[in-house]
Amino acid sequence: EGELTVAMANAQNTVVRAYELRVTLPEGARDIDVKLPFAGQALLQPTKYYFDSVGRTVIVIKHENIAPAMSSRHILVSYSYAPLTLWMKPAVVAAALFMVFMLASTASRMQYGLTSSAKKPSNTASKAAKKQAAAGKAD
């Protein structure tokens, strides 16, 4: 269970015509609830970054014509987060590194070149004939 309180940031004594705030939640966040202090839009967009396995949720909050008095209000975002998802990113990184090392190991054992690696068959009959000829000369 997680809660996030976000203050609306704008310059003091300034009216903002179009306000947009993006909040990126951690990977694996679910049961997302957004409480706005005003009548605005809160859109949930699924997004994937590098080494994400499930993806993240980005909350996009849009509002028009914000008065300076509204800048002191807070936006409350609550979500649930399983403890097992903490290990998701290290597992993905470890799997990616394992694959890189396995590919490097396989590539280092391969032979590159134009020569044939198959051995030529030995001619055992000619070797036996040479031994007999050598033995006959010795007699």
# chains A, B, ... in the order shown; residues from 1 in each chain; ligands from 1

call {"tool": "residues_around", "arguments": {"residues": "Pro26 (chain A)", "least_positions_apart": "3", "cutoff": "12 Å", "atoms": "only C-alpha atoms", "output": "count of residues only"}}
result
30

call {"tool": "closest_residue", "arguments": {"among": "A:Val77, A:Leu36, A:Ala18, A:Val93", "to": "Tyr50 (chain A)", "atoms": "only C-alpha atoms"}}
result
A:Val93
